[in-house]
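Text of the file input.txt, holding compact mmCIF, C-alpha atoms:
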# COMPACT_ATOMS: atom_id res chain seq x y z
CA MET A 2 -15.46 21.94 18.64
CA LYS A 3 -12.68 21.71 21.25
CA ILE A 4 -9.88 19.65 19.71
CA GLY A 5 -6.69 18.39 21.32
CA ILE A 6 -3.63 17.54 19.26
CA LEU A 7 -1.02 15.19 20.69
CA GLY A 8 2.34 15.89 19.10
CA SER A 9 3.85 19.22 18.11
CA GLY A 10 5.88 18.20 15.07
CA MET A 11 5.03 19.36 11.57
CA VAL A 12 1.95 17.11 11.37
CA GLY A 13 0.45 18.32 14.66
CA LYS A 14 1.11 21.97 13.89
CA THR A 15 -0.32 21.72 10.36
CA ILE A 16 -3.46 19.84 11.45
CA GLY A 17 -3.92 22.13 14.43
CA ALA A 18 -3.60 25.35 12.42
CA ALA A 19 -6.03 24.04 9.78
CA LEU A 20 -8.59 23.17 12.48
CA VAL A 21 -8.31 26.68 14.00
CA THR A 22 -8.95 28.13 10.53
CA LEU A 23 -12.07 25.99 10.32
CA GLY A 24 -13.35 27.55 13.53
CA HIS A 25 -12.36 24.97 16.12
CA GLN A 26 -10.68 25.66 19.47
CA VAL A 27 -7.37 23.81 19.39
CA LYS A 28 -4.85 22.92 22.08
CA LEU A 29 -1.53 21.49 20.92
CA GLY A 30 -0.10 18.98 23.38
CA THR A 31 3.66 18.65 23.62
CA ARG A 32 6.40 17.42 25.93
CA SER A 33 7.82 20.99 26.00
CA PRO A 34 4.98 23.58 26.05
CA GLY A 35 7.42 26.44 26.61
CA LYS A 36 9.57 25.78 23.55
CA SER A 37 9.76 28.72 21.15
CA ASP A 38 8.46 26.87 18.11
CA VAL A 39 5.33 25.90 20.06
CA THR A 40 4.64 29.37 21.47
CA GLU A 41 5.23 30.82 17.99
CA TRP A 42 2.79 28.30 16.51
CA ALA A 43 0.16 29.31 19.08
CA LYS A 44 0.65 33.00 18.36
CA ALA A 45 0.54 32.56 14.59
CA SER A 46 -2.35 30.09 14.45
CA GLY A 47 -4.61 31.33 17.22
CA GLY A 48 -4.46 27.97 18.95
CA SER A 49 -3.13 27.28 22.43
CA ALA A 50 -0.46 24.91 23.71
CA GLY A 51 -0.07 22.73 26.77
CA THR A 52 1.18 19.41 28.02
CA PHE A 53 0.02 16.14 26.50
CA ALA A 54 -2.32 15.67 29.47
CA GLU A 55 -3.74 19.19 29.15
CA ALA A 56 -4.42 18.75 25.45
CA ALA A 57 -5.99 15.33 26.01
CA GLN A 58 -8.24 16.73 28.75
CA PHE A 59 -9.16 19.79 26.67
CA GLY A 60 -10.29 18.10 23.48
CA GLU A 61 -13.72 16.65 22.78
CA MET A 62 -11.96 15.09 19.80
CA LEU A 63 -8.26 14.20 19.83
CA PHE A 64 -5.70 13.83 17.04
CA LEU A 65 -2.64 11.62 17.53
CA CYS A 66 0.22 13.21 15.60
CA THR A 67 3.21 11.73 17.40
CA LYS A 68 6.02 9.71 15.88
CA GLY A 69 4.97 6.09 15.61
CA GLU A 70 7.59 4.79 18.01
CA ALA A 71 6.57 7.39 20.64
CA THR A 72 2.81 7.03 20.33
CA LEU A 73 2.00 4.50 23.05
CA ASP A 74 4.29 6.31 25.48
CA ALA A 75 2.55 9.60 24.65
CA LEU A 76 -0.84 8.05 25.44
CA ALA A 77 0.44 6.90 28.84
CA ILE A 78 1.80 10.38 29.61
CA SER A 79 -1.48 11.97 28.49
CA GLY A 80 -3.49 9.93 30.96
CA PRO A 81 -5.74 7.29 29.38
CA SER A 82 -8.71 8.49 31.48
CA HIS A 83 -8.73 11.73 29.45
CA PHE A 84 -9.66 9.75 26.32
CA LYS A 85 -12.77 8.10 27.72
CA GLY A 86 -15.62 8.11 25.19
CA LYS A 87 -13.78 10.50 22.88
CA VAL A 88 -13.12 10.19 19.17
CA VAL A 89 -9.37 9.71 18.72
CA VAL A 90 -8.06 10.24 15.20
CA ASP A 91 -4.87 8.22 14.83
CA ILE A 92 -2.61 9.70 12.13
CA THR A 93 0.55 7.93 13.28
CA ASN A 94 2.72 5.53 11.29
CA PRO A 95 4.98 2.85 12.81
CA LEU A 96 8.04 3.83 10.77
CA ASP A 97 11.40 2.31 11.63
CA PHE A 98 14.28 4.57 10.60
CA SER A 99 16.85 2.59 12.62
CA ARG A 100 18.35 1.15 9.42
CA GLY A 101 18.27 4.49 7.60
CA MET A 102 16.30 5.32 4.46
CA PRO A 103 13.93 4.05 3.31
CA PRO A 104 12.20 3.20 6.59
CA ALA A 105 10.60 -0.18 7.13
CA LEU A 106 7.62 -0.58 9.45
CA LEU A 107 8.30 -1.47 13.08
CA THR A 108 7.92 -5.24 13.02
CA GLN A 109 5.71 -5.44 16.10
CA PHE A 110 3.13 -3.15 14.44
CA ALA A 111 3.31 -4.54 10.88
CA ASN A 112 1.49 -7.09 8.74
CA THR A 113 -0.28 -9.10 11.46
CA ASN A 114 -0.80 -6.05 13.68
CA SER A 115 -0.96 -2.27 13.35
CA LEU A 116 -0.31 0.77 15.45
CA GLY A 117 -3.99 1.67 15.06
CA GLU A 118 -4.98 -1.56 16.79
CA GLU A 119 -2.45 -1.01 19.57
CA VAL A 120 -3.78 2.53 20.14
CA GLN A 121 -7.31 1.14 20.46
CA LYS A 122 -6.04 -1.52 22.91
CA ALA A 123 -4.23 1.13 24.96
CA LEU A 124 -7.40 3.27 25.05
CA PRO A 125 -10.23 0.73 25.36
CA ASP A 126 -12.74 3.44 26.35
CA ALA A 127 -11.89 5.67 23.37
CA ARG A 128 -13.31 5.44 19.87
CA VAL A 129 -10.20 5.25 17.67
CA VAL A 130 -10.35 6.07 13.96
CA LYS A 131 -7.28 5.60 11.78
CA SER A 132 -7.12 8.11 8.95
CA LEU A 133 -4.97 10.64 7.07
CA ASN A 134 -1.74 8.67 7.66
CA ILE A 135 -1.20 7.92 3.95
CA VAL A 136 -0.32 11.46 2.79
CA ASN A 137 1.94 14.40 3.63
CA CYS A 138 0.44 16.72 6.27
CA GLU A 139 -0.12 19.56 3.81
CA VAL A 140 -2.16 17.18 1.67
CA MET A 141 -4.02 15.96 4.77
CA VAL A 142 -5.57 19.40 5.28
CA ASN A 143 -5.79 20.28 1.57
CA PRO A 144 -6.13 17.24 -0.70
CA ARG A 145 -6.25 19.46 -3.80
CA LYS A 146 -2.57 20.16 -3.13
CA SER A 147 -1.95 16.72 -4.70
CA GLY A 148 -3.27 18.12 -7.95
CA GLY A 149 -6.37 15.94 -8.04
CA ASP A 150 -9.06 14.23 -6.02
CA PRO A 151 -7.36 11.44 -4.07
CA THR A 152 -9.10 8.88 -1.85
CA MET A 153 -8.95 8.87 1.96
CA PHE A 154 -9.71 5.91 4.22
CA VAL A 155 -11.26 5.64 7.67
CA CYS A 156 -10.77 2.54 9.84
CA GLY A 157 -12.38 1.99 13.22
CA ASN A 158 -14.77 -0.03 15.34
CA ASP A 159 -17.31 2.76 15.99
CA ALA A 160 -19.54 3.87 13.11
CA ALA A 161 -20.55 7.19 14.71
CA ALA A 162 -16.91 8.03 15.41
CA LYS A 163 -16.00 7.33 11.79
CA GLN A 164 -18.86 9.57 10.67
CA SER A 165 -17.62 12.46 12.80
CA VAL A 166 -14.12 12.02 11.34
CA ILE A 167 -15.59 11.94 7.84
CA GLU A 168 -17.17 15.34 8.56
CA ILE A 169 -13.76 16.74 9.55
CA LEU A 170 -12.20 15.19 6.42
CA LYS A 171 -14.87 16.82 4.26
CA SER A 172 -14.14 20.17 5.90
CA PHE A 173 -10.48 19.69 4.85
CA GLY A 174 -11.68 19.15 1.27
CA TRP A 175 -11.70 15.35 1.00
CA LYS A 176 -14.48 14.22 -1.33
CA ASP A 177 -13.70 10.54 -1.89
CA ILE A 178 -13.70 8.76 1.47
CA ILE A 179 -13.91 4.98 1.93
CA ASP A 180 -14.84 3.28 5.20
CA LEU A 181 -12.61 0.19 5.18
CA GLY A 182 -14.11 -1.47 8.25
CA ASP A 183 -12.90 -2.09 11.78
CA ILE A 184 -9.63 -0.89 13.28
CA SER A 185 -7.73 -3.97 12.00
CA THR A 186 -8.05 -2.52 8.50
CA ALA A 187 -5.47 0.04 9.65
CA ARG A 188 -2.92 -2.66 8.78
CA GLY A 189 -3.59 -2.02 5.12
CA THR A 190 -3.31 1.77 5.34
CA GLU A 191 -0.14 1.66 7.45
CA MET A 192 1.38 -0.79 4.95
CA MET A 193 0.94 1.87 2.25
CA LEU A 194 3.77 3.89 3.77
CA PRO A 195 6.56 1.95 2.02
CA ILE A 196 5.04 2.65 -1.42
CA TRP A 197 4.52 6.30 -0.43
CA VAL A 198 8.18 6.63 0.57
CA ARG A 199 9.39 4.90 -2.62
CA LEU A 200 7.17 7.12 -4.76
CA TRP A 201 8.55 10.18 -3.03
CA MET A 202 12.12 8.93 -3.61
CA ALA A 203 11.43 8.05 -7.27
CA THR A 204 9.47 11.18 -8.23
CA LYS A 205 10.89 13.76 -5.75
CA ASN A 206 7.28 14.78 -5.18
CA GLY A 207 5.84 14.54 -1.67
CA TYR A 208 2.49 16.07 -2.59
CA ILE A 209 0.97 12.86 -3.83
CA GLY A 210 -2.24 11.05 -3.06
CA PHE A 211 -3.76 7.69 -3.90
CA LYS A 212 -6.99 7.49 -5.84
CA VAL A 213 -8.85 4.20 -5.75
CA VAL A 214 -10.00 3.90 -9.38
CA ARG A 215 -13.28 1.98 -9.55
CA MET B 27 7.98 -12.63 -29.05
CA LYS B 28 8.18 -16.12 -27.50
CA ILE B 29 6.82 -15.83 -23.96
CA GLY B 30 6.75 -18.47 -21.24
CA ILE B 31 4.24 -18.30 -18.40
CA LEU B 32 4.98 -20.14 -15.16
CA GLY B 33 1.75 -20.98 -13.40
CA SER B 34 -1.55 -22.09 -14.89
CA GLY B 35 -3.99 -20.54 -12.44
CA MET B 36 -6.34 -17.74 -13.39
CA VAL B 37 -3.52 -15.19 -13.54
CA GLY B 38 -1.31 -17.24 -15.84
CA LYS B 39 -4.18 -18.16 -18.15
CA THR B 40 -5.43 -14.56 -18.37
CA ILE B 41 -1.99 -13.07 -19.01
CA GLY B 42 -1.15 -15.84 -21.48
CA ALA B 43 -4.35 -15.45 -23.48
CA ALA B 44 -3.91 -11.67 -23.64
CA LEU B 45 -0.34 -12.08 -24.91
CA VAL B 46 -1.51 -14.49 -27.63
CA THR B 47 -4.10 -11.91 -28.70
CA LEU B 48 -1.32 -9.33 -28.94
CA GLY B 49 0.53 -11.60 -31.40
CA HIS B 50 3.01 -13.36 -29.12
CA GLN B 51 3.77 -17.08 -29.06
CA VAL B 52 2.91 -18.28 -25.57
CA LYS B 53 3.67 -21.49 -23.68
CA LEU B 54 1.92 -21.98 -20.37
CA GLY B 55 4.03 -23.92 -17.88
CA THR B 56 2.28 -26.08 -15.31
CA ARG B 57 2.87 -29.00 -12.99
CA SER B 58 0.15 -30.92 -14.85
CA PRO B 59 0.33 -30.20 -18.62
CA GLY B 60 -2.26 -32.87 -19.42
CA LYS B 61 -4.98 -31.50 -17.16
CA SER B 62 -8.21 -30.68 -18.97
CA ASP B 63 -8.34 -27.02 -17.93
CA VAL B 64 -4.87 -26.49 -19.39
CA THR B 65 -5.54 -28.27 -22.69
CA GLU B 66 -8.82 -26.36 -22.97
CA TRP B 67 -7.00 -23.08 -22.34
CA ALA B 68 -4.50 -23.92 -25.11
CA LYS B 69 -7.27 -24.78 -27.55
CA ALA B 70 -9.30 -21.66 -26.76
CA SER B 71 -6.42 -19.20 -26.64
CA GLY B 72 -4.12 -20.47 -29.38
CA GLY B 73 -1.27 -20.85 -26.91
CA SER B 74 0.53 -24.06 -26.01
CA ALA B 75 1.17 -25.79 -22.71
CA GLY B 76 4.06 -27.68 -21.20
CA THR B 77 5.97 -28.32 -18.03
CA PHE B 78 7.47 -25.48 -16.02
CA ALA B 79 10.88 -26.33 -17.51
CA GLU B 80 9.53 -26.41 -21.07
CA ALA B 81 7.85 -23.01 -20.64
CA ALA B 82 10.97 -21.52 -19.06
CA GLN B 83 13.14 -22.83 -21.90
CA PHE B 84 10.66 -21.67 -24.56
CA GLY B 85 10.26 -18.05 -23.53
CA GLU B 86 12.52 -15.16 -24.45
CA MET B 87 10.56 -13.33 -21.75
CA LEU B 88 9.01 -15.14 -18.78
CA PHE B 89 6.06 -14.29 -16.53
CA LEU B 90 5.89 -15.68 -12.98
CA CYS B 91 2.23 -16.27 -12.18
CA THR B 92 2.51 -18.86 -9.42
CA LYS B 93 1.13 -18.62 -5.91
CA GLY B 94 3.56 -16.70 -3.74
CA GLU B 95 4.32 -19.60 -1.43
CA ALA B 96 5.07 -21.87 -4.41
CA THR B 97 7.16 -19.43 -6.43
CA LEU B 98 10.71 -20.30 -5.35
CA ASP B 99 9.94 -24.01 -5.66
CA ALA B 100 8.57 -23.43 -9.17
CA LEU B 101 11.80 -21.69 -10.17
CA ALA B 102 13.83 -24.64 -8.93
CA ILE B 103 11.63 -27.08 -10.88
CA SER B 104 11.87 -24.90 -13.99
CA GLY B 105 15.65 -25.04 -14.01
CA PRO B 106 17.37 -21.76 -13.17
CA SER B 107 19.66 -22.11 -16.21
CA HIS B 108 16.61 -21.54 -18.45
CA PHE B 109 16.29 -17.99 -17.08
CA LYS B 110 19.79 -16.83 -17.95
CA GLY B 111 19.80 -13.29 -19.38
CA LYS B 112 16.01 -13.28 -19.76
CA VAL B 113 13.52 -10.69 -18.60
CA VAL B 114 11.43 -12.27 -15.85
CA VAL B 115 8.21 -10.45 -14.97
CA ASP B 116 7.35 -11.30 -11.38
CA ILE B 117 3.60 -10.94 -10.76
CA THR B 118 3.53 -13.02 -7.59
CA ASN B 119 2.44 -11.95 -4.12
CA PRO B 120 3.60 -13.54 -0.85
CA LEU B 121 0.10 -13.96 0.56
CA ASP B 122 -0.39 -16.02 3.70
CA PHE B 123 -3.87 -17.53 3.88
CA SER B 124 -2.94 -19.89 6.72
CA ARG B 125 -4.97 -17.81 9.20
CA GLY B 126 -7.89 -17.38 6.80
CA MET B 127 -9.21 -14.12 5.38
CA PRO B 128 -7.91 -11.53 5.05
CA PRO B 129 -4.44 -12.83 4.20
CA ALA B 130 -1.33 -11.32 5.75
CA LEU B 131 1.96 -11.34 3.88
CA LEU B 132 4.34 -14.25 4.51
CA THR B 133 6.60 -12.81 7.20
CA GLN B 134 9.84 -13.91 5.57
CA PHE B 135 8.98 -11.92 2.43
CA ALA B 136 7.45 -8.83 4.09
CA ASN B 137 8.54 -5.37 5.22
CA THR B 138 12.33 -5.87 5.29
CA ASN B 139 12.30 -8.24 2.33
CA SER B 140 10.09 -9.08 -0.64
CA LEU B 141 9.34 -12.00 -2.88
CA GLY B 142 10.64 -9.92 -5.80
CA GLU B 143 14.06 -9.71 -4.17
CA GLU B 144 14.07 -13.44 -3.40
CA VAL B 145 13.20 -14.24 -7.02
CA GLN B 146 16.13 -12.10 -8.19
CA LYS B 147 18.42 -13.87 -5.68
CA ALA B 148 17.22 -17.28 -6.87
CA LEU B 149 17.84 -16.25 -10.51
CA PRO B 150 21.00 -14.13 -10.34
CA ASP B 151 21.51 -14.33 -14.13
CA ALA B 152 17.96 -13.22 -14.92
CA ARG B 153 16.70 -9.65 -15.14
CA VAL B 154 13.71 -9.62 -12.78
CA VAL B 155 11.04 -6.92 -13.01
CA LYS B 156 8.25 -6.80 -10.44
CA SER B 157 5.02 -5.48 -11.90
CA LEU B 158 1.25 -6.01 -12.27
CA ASN B 159 0.91 -7.64 -8.82
CA ILE B 160 -1.28 -4.85 -7.41
CA VAL B 161 -4.44 -5.54 -9.44
CA ASN B 162 -6.81 -8.34 -10.43
CA CYS B 163 -5.62 -10.27 -13.49
CA GLU B 164 -8.41 -8.94 -15.70
CA VAL B 165 -7.30 -5.41 -14.84
CA MET B 166 -3.65 -6.40 -15.48
CA VAL B 167 -4.39 -7.01 -19.17
CA ASN B 168 -7.06 -4.30 -19.49
CA PRO B 169 -6.60 -1.42 -17.04
CA ARG B 170 -9.68 0.37 -18.40
CA LYS B 171 -11.70 -2.40 -16.76
CA SER B 172 -11.12 -0.48 -13.50
CA GLY B 173 -13.17 2.34 -14.95
CA GLY B 174 -10.30 4.79 -15.20
CA ASP B 175 -6.60 5.25 -15.80
CA PRO B 176 -4.79 3.66 -12.84
CA THR B 177 -1.03 3.72 -12.27
CA MET B 178 1.26 0.70 -12.68
CA PHE B 179 4.72 0.29 -11.17
CA VAL B 180 7.89 -1.43 -12.39
CA CYS B 181 10.67 -2.42 -9.98
CA GLY B 182 13.96 -3.96 -11.01
CA ASN B 183 17.72 -3.66 -11.23
CA ASP B 184 17.99 -3.61 -15.05
CA ALA B 185 16.81 -0.49 -16.90
CA ALA B 186 16.52 -2.19 -20.29
CA ALA B 187 14.49 -5.02 -18.78
CA LYS B 188 12.12 -2.51 -17.20
CA GLN B 189 11.77 -0.75 -20.55
CA SER B 190 10.81 -3.99 -22.29
CA VAL B 191 8.21 -4.67 -19.59
CA ILE B 192 6.89 -1.12 -19.96
CA GLU B 193 6.32 -1.85 -23.68
CA ILE B 194 4.27 -4.94 -22.75
CA LEU B 195 2.32 -2.91 -20.18
CA LYS B 196 1.56 -0.27 -22.80
CA SER B 197 0.31 -2.97 -25.15
CA PHE B 198 -2.11 -4.05 -22.38
CA GLY B 199 -3.36 -0.44 -22.22
CA TRP B 200 -1.41 0.96 -19.25
CA LYS B 201 -0.68 4.65 -19.80
CA ASP B 202 0.58 5.80 -16.40
CA ILE B 203 3.66 3.75 -15.47
CA ILE B 204 6.15 4.68 -12.74
CA ASP B 205 9.65 3.20 -12.44
CA LEU B 206 10.11 2.93 -8.68
CA GLY B 207 13.76 1.91 -8.76
CA ASP B 208 15.63 -1.29 -8.00
CA ILE B 209 14.08 -4.64 -7.08
CA SER B 210 13.95 -3.75 -3.37
CA THR B 211 11.14 -1.31 -4.22
CA ALA B 212 9.01 -4.43 -4.74
CA ARG B 213 8.55 -4.34 -0.95
CA GLY B 214 6.29 -1.34 -1.39
CA THR B 215 4.18 -2.84 -4.15
CA GLU B 216 3.77 -6.20 -2.38
CA MET B 217 2.74 -4.35 0.79
CA MET B 218 -0.17 -2.85 -1.18
CA LEU B 219 -1.91 -6.21 -1.18
CA PRO B 220 -3.47 -5.81 2.28
CA ILE B 221 -5.14 -2.53 1.27
CA TRP B 222 -6.26 -4.13 -2.00
CA VAL B 223 -7.85 -7.03 -0.12
CA ARG B 224 -9.54 -4.70 2.39
CA LEU B 225 -10.88 -2.50 -0.42
CA TRP B 226 -12.26 -5.56 -2.15
CA MET B 227 -13.90 -6.70 1.10
CA ALA B 228 -15.31 -3.22 1.84
CA THR B 229 -16.56 -2.36 -1.64
CA LYS B 230 -17.22 -5.87 -3.09
CA ASN B 231 -15.44 -4.62 -6.21
CA GLY B 232 -12.33 -6.46 -7.38
CA TYR B 233 -11.90 -4.37 -10.53
CA ILE B 234 -10.06 -1.57 -8.83
CA GLY B 235 -6.78 0.18 -9.54
CA PHE B 236 -4.59 2.71 -7.75
CA LYS B 237 -3.91 6.07 -9.35
CA VAL B 238 -1.00 8.05 -7.97
CA VAL B 239 -2.45 11.56 -7.94
CA ARG B 240 0.34 14.12 -8.50
Go ahead and express the file in the form of structure tokens.
Amino acid sequence: MKIGILGSGMVGKTIGAALVTLGHQVKLGTRSPGKSDVTEWAKASGGSAGTFAEAAQFGEMLFLCTKGEATLDALAISGPSHFKGKVVVDITNPLDFSRGMPPALLTQFANTNSLGEEVQKALPDARVVKSLNIVNCEVMVNPRKSGGDPTMFVCGNDAAAKQSVIEILKSFGWKDIIDLGDISTARGTEMMLPIWVRLWMATKNGYIGFKVVR
Amino acid sequence: MKIGILGSGMVGKTIGAALVTLGHQVKLGTRSPGKSDVTEWAKASGGSAGTFAEAAQFGEMLFLCTKGEATLDALAISGPSHFKGKVVVDITNPLDFSRGMPPALLTQFANTNSLGEEVQKALPDARVVKSLNIVNCEVMVNPRKSGGDPTMFVCGNDAAAKQSVIEILKSFGWKDIIDLGDISTARGTEMMLPIWVRLWMATKNGYIGFKVVR
């Protein structure tokens, strides 16, 4: 499949490289397509790079891997018309580092709202699925790296879109996947970030996952 | 040990009965000590009942099992002097049902604050430990009821107090217990309630637990 990645930080690069390995054509969208780290990523991974708009236009499925605070701006730059009808996997987290560590959530996206919902509102013609945001990017593409069989969630309004994301998750190695419901359930998964951060601080281990025991 | 329970809802009754079974002397504190459900609980469990103040005075260790919105008021009624030097296990959650299901968290206790921190502020001479708030009360006292070996957290400023709570947790059957750090880490555990509620709504199973895979 042709997949566009918005965001060229560690998350975007890791997801993008994993998708190339799985046989997909990947274009990494970035504000600075000519930057050396991006051209090196393309060379090493076998993917390509371009602007946000080029990546959004390229992909049949799109992954949002931007910083939470920059996500809505990145969608505007990418051109909302490029998202029409497409499955958009939202991996972003509305983290607020303005008061240092540990981050809180950005108040406008927390508790009674979520970034997932705001992404869906900003892209009314897209089929947004929130997923993968609750683990480190290396665990996203290789859940066994956690040392076990953690659970992953999908949240979104479109059942077929969630199913296509579940297929991608399975190709990454996720076996225990729970469909939480509509996009408002992203509130719950985004609100798991504070416990993730505190676990990382307490255990010095970032390769963790959450298993729903049941 | 003499243990006082503040709150005579399902959580308080379940915790109290389990502690009696484990050999502790338990007094259940309630606004209405004469109510039939409370006297029946005492008869069936072998515990005793009294006012909030009587339970707070009785216990060498105290469990807060009130509704989140009523917790600070219950502490005031109980008499803060009765908590001096004692280990106070805070099981409460700042759930806001005012907009119906699913609940959000009460804004004043969420994200950049927590009910655990407010309890510690209200009882500066007590040694508050947040724990058990992330599961159903039947799972609290019998984690195997989840069907596996879930993780439990302790959060608090006093290491010895956390150790004494860990001993109680072990006596309930918890094997995987993580000390997250000071009482501000309660923010993370309280923010797990929205995912708990959404999992319960999605799976119709309230006997779940969270295992930190690592």
Could you tell me which of A:Lys44, A:Lys122, A:Arg188, A:Lys205 comes closest to chain B if we count all atoms listed in the file?
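Among the listed residues, the smallest separation from chain B belongs to A:Arg188.
Taking only C-alpha atoms into account, the protein, DNA and RNA residues within 12 Å of (3.6, -29.4, -15.8) read B:Ile31, B:Leu32, B:Gly33, B:Ser34, B:Lys53, B:Leu54, B:Gly55, B:Thr56, B:Arg57, B:Ser58, B:Pro59, B:Gly60, B:Lys61, B:Val64, B:Thr65, B:Ser74, B:Ala75, B:Gly76, B:Thr77, B:Phe78, B:Ala79, B:Glu80, B:Ala81, B:Ala82, B:Ala100, B:Ile103, B:Ser104.
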What are the residues of chain B lining chain A at 6 Å or less? Count all atoms listed in the file, and put the answer as an mmCIF file with C-alpha atoms, keeping the file's coordinate frame.
data_model
loop_
_atom_site.group_PDB
_atom_site.id
_atom_site.type_symbol
_atom_site.label_atom_id
_atom_site.label_comp_id
_atom_site.auth_asym_id
_atom_site.auth_seq_id
_atom_site.Cartn_x
_atom_site.Cartn_y
_atom_site.Cartn_z
ATOM 1 C CA ALA B 130 -1.330 -11.320 5.750
ATOM 2 C CA ASN B 137 8.540 -5.370 5.220
ATOM 3 C CA SER B 172 -11.120 -0.480 -13.500
ATOM 4 C CA GLY B 173 -13.170 2.340 -14.950
ATOM 5 C CA GLY B 174 -10.300 4.790 -15.200
ATOM 6 C CA LEU B 206 10.110 2.930 -8.680
ATOM 7 C CA GLY B 214 6.290 -1.340 -1.390
ATOM 8 C CA MET B 217 2.740 -4.350 0.790
ATOM 9 C CA MET B 218 -0.170 -2.850 -1.180
ATOM 10 C CA PRO B 220 -3.470 -5.810 2.280
ATOM 11 C CA ILE B 221 -5.140 -2.530 1.270
ATOM 12 C CA ALA B 228 -15.310 -3.220 1.840
ATOM 13 C CA ILE B 234 -10.060 -1.570 -8.830
ATOM 14 C CA GLY B 235 -6.780 0.180 -9.540
ATOM 15 C CA PHE B 236 -4.590 2.710 -7.750
ATOM 16 C CA LYS B 237 -3.910 6.070 -9.350
ATOM 17 C CA VAL B 238 -1.000 8.050 -7.970
ATOM 18 C CA VAL B 239 -2.450 11.560 -7.940
ATOM 19 C CA ARG B 240 0.340 14.120 -8.500
#
I'd like the neighbourhood of region 93-95 of chain A as a ChimeraX atom specification, where a residue qualifies if any of its atoms comes within 8 Å (using only C-alpha atoms), though same-chain residues fewer than 3 positions away should be ignored.
/A:65-70,72,106-107,110-111,115-117,134,191,194
CA of Ala43 (chain B) and CA of Ala70 (chain B), how far apart in Å?
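So the two atoms, CA of Ala70 (chain B) and CA of Ala43 (chain B), lie 8.6 Å apart.
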Just the number, please: distance in Å from CA of Met141 (chain A) to CA of Gly10 (chain A), one decimal.
14.5 Å
Nearby residues (only C-alpha atoms) at most 9 Å from Lys188 (chain B), same-chain spacing under 3 positions excluded, as a ChimeraX atom specification
/B:113,153-156,180-185,191-193,205
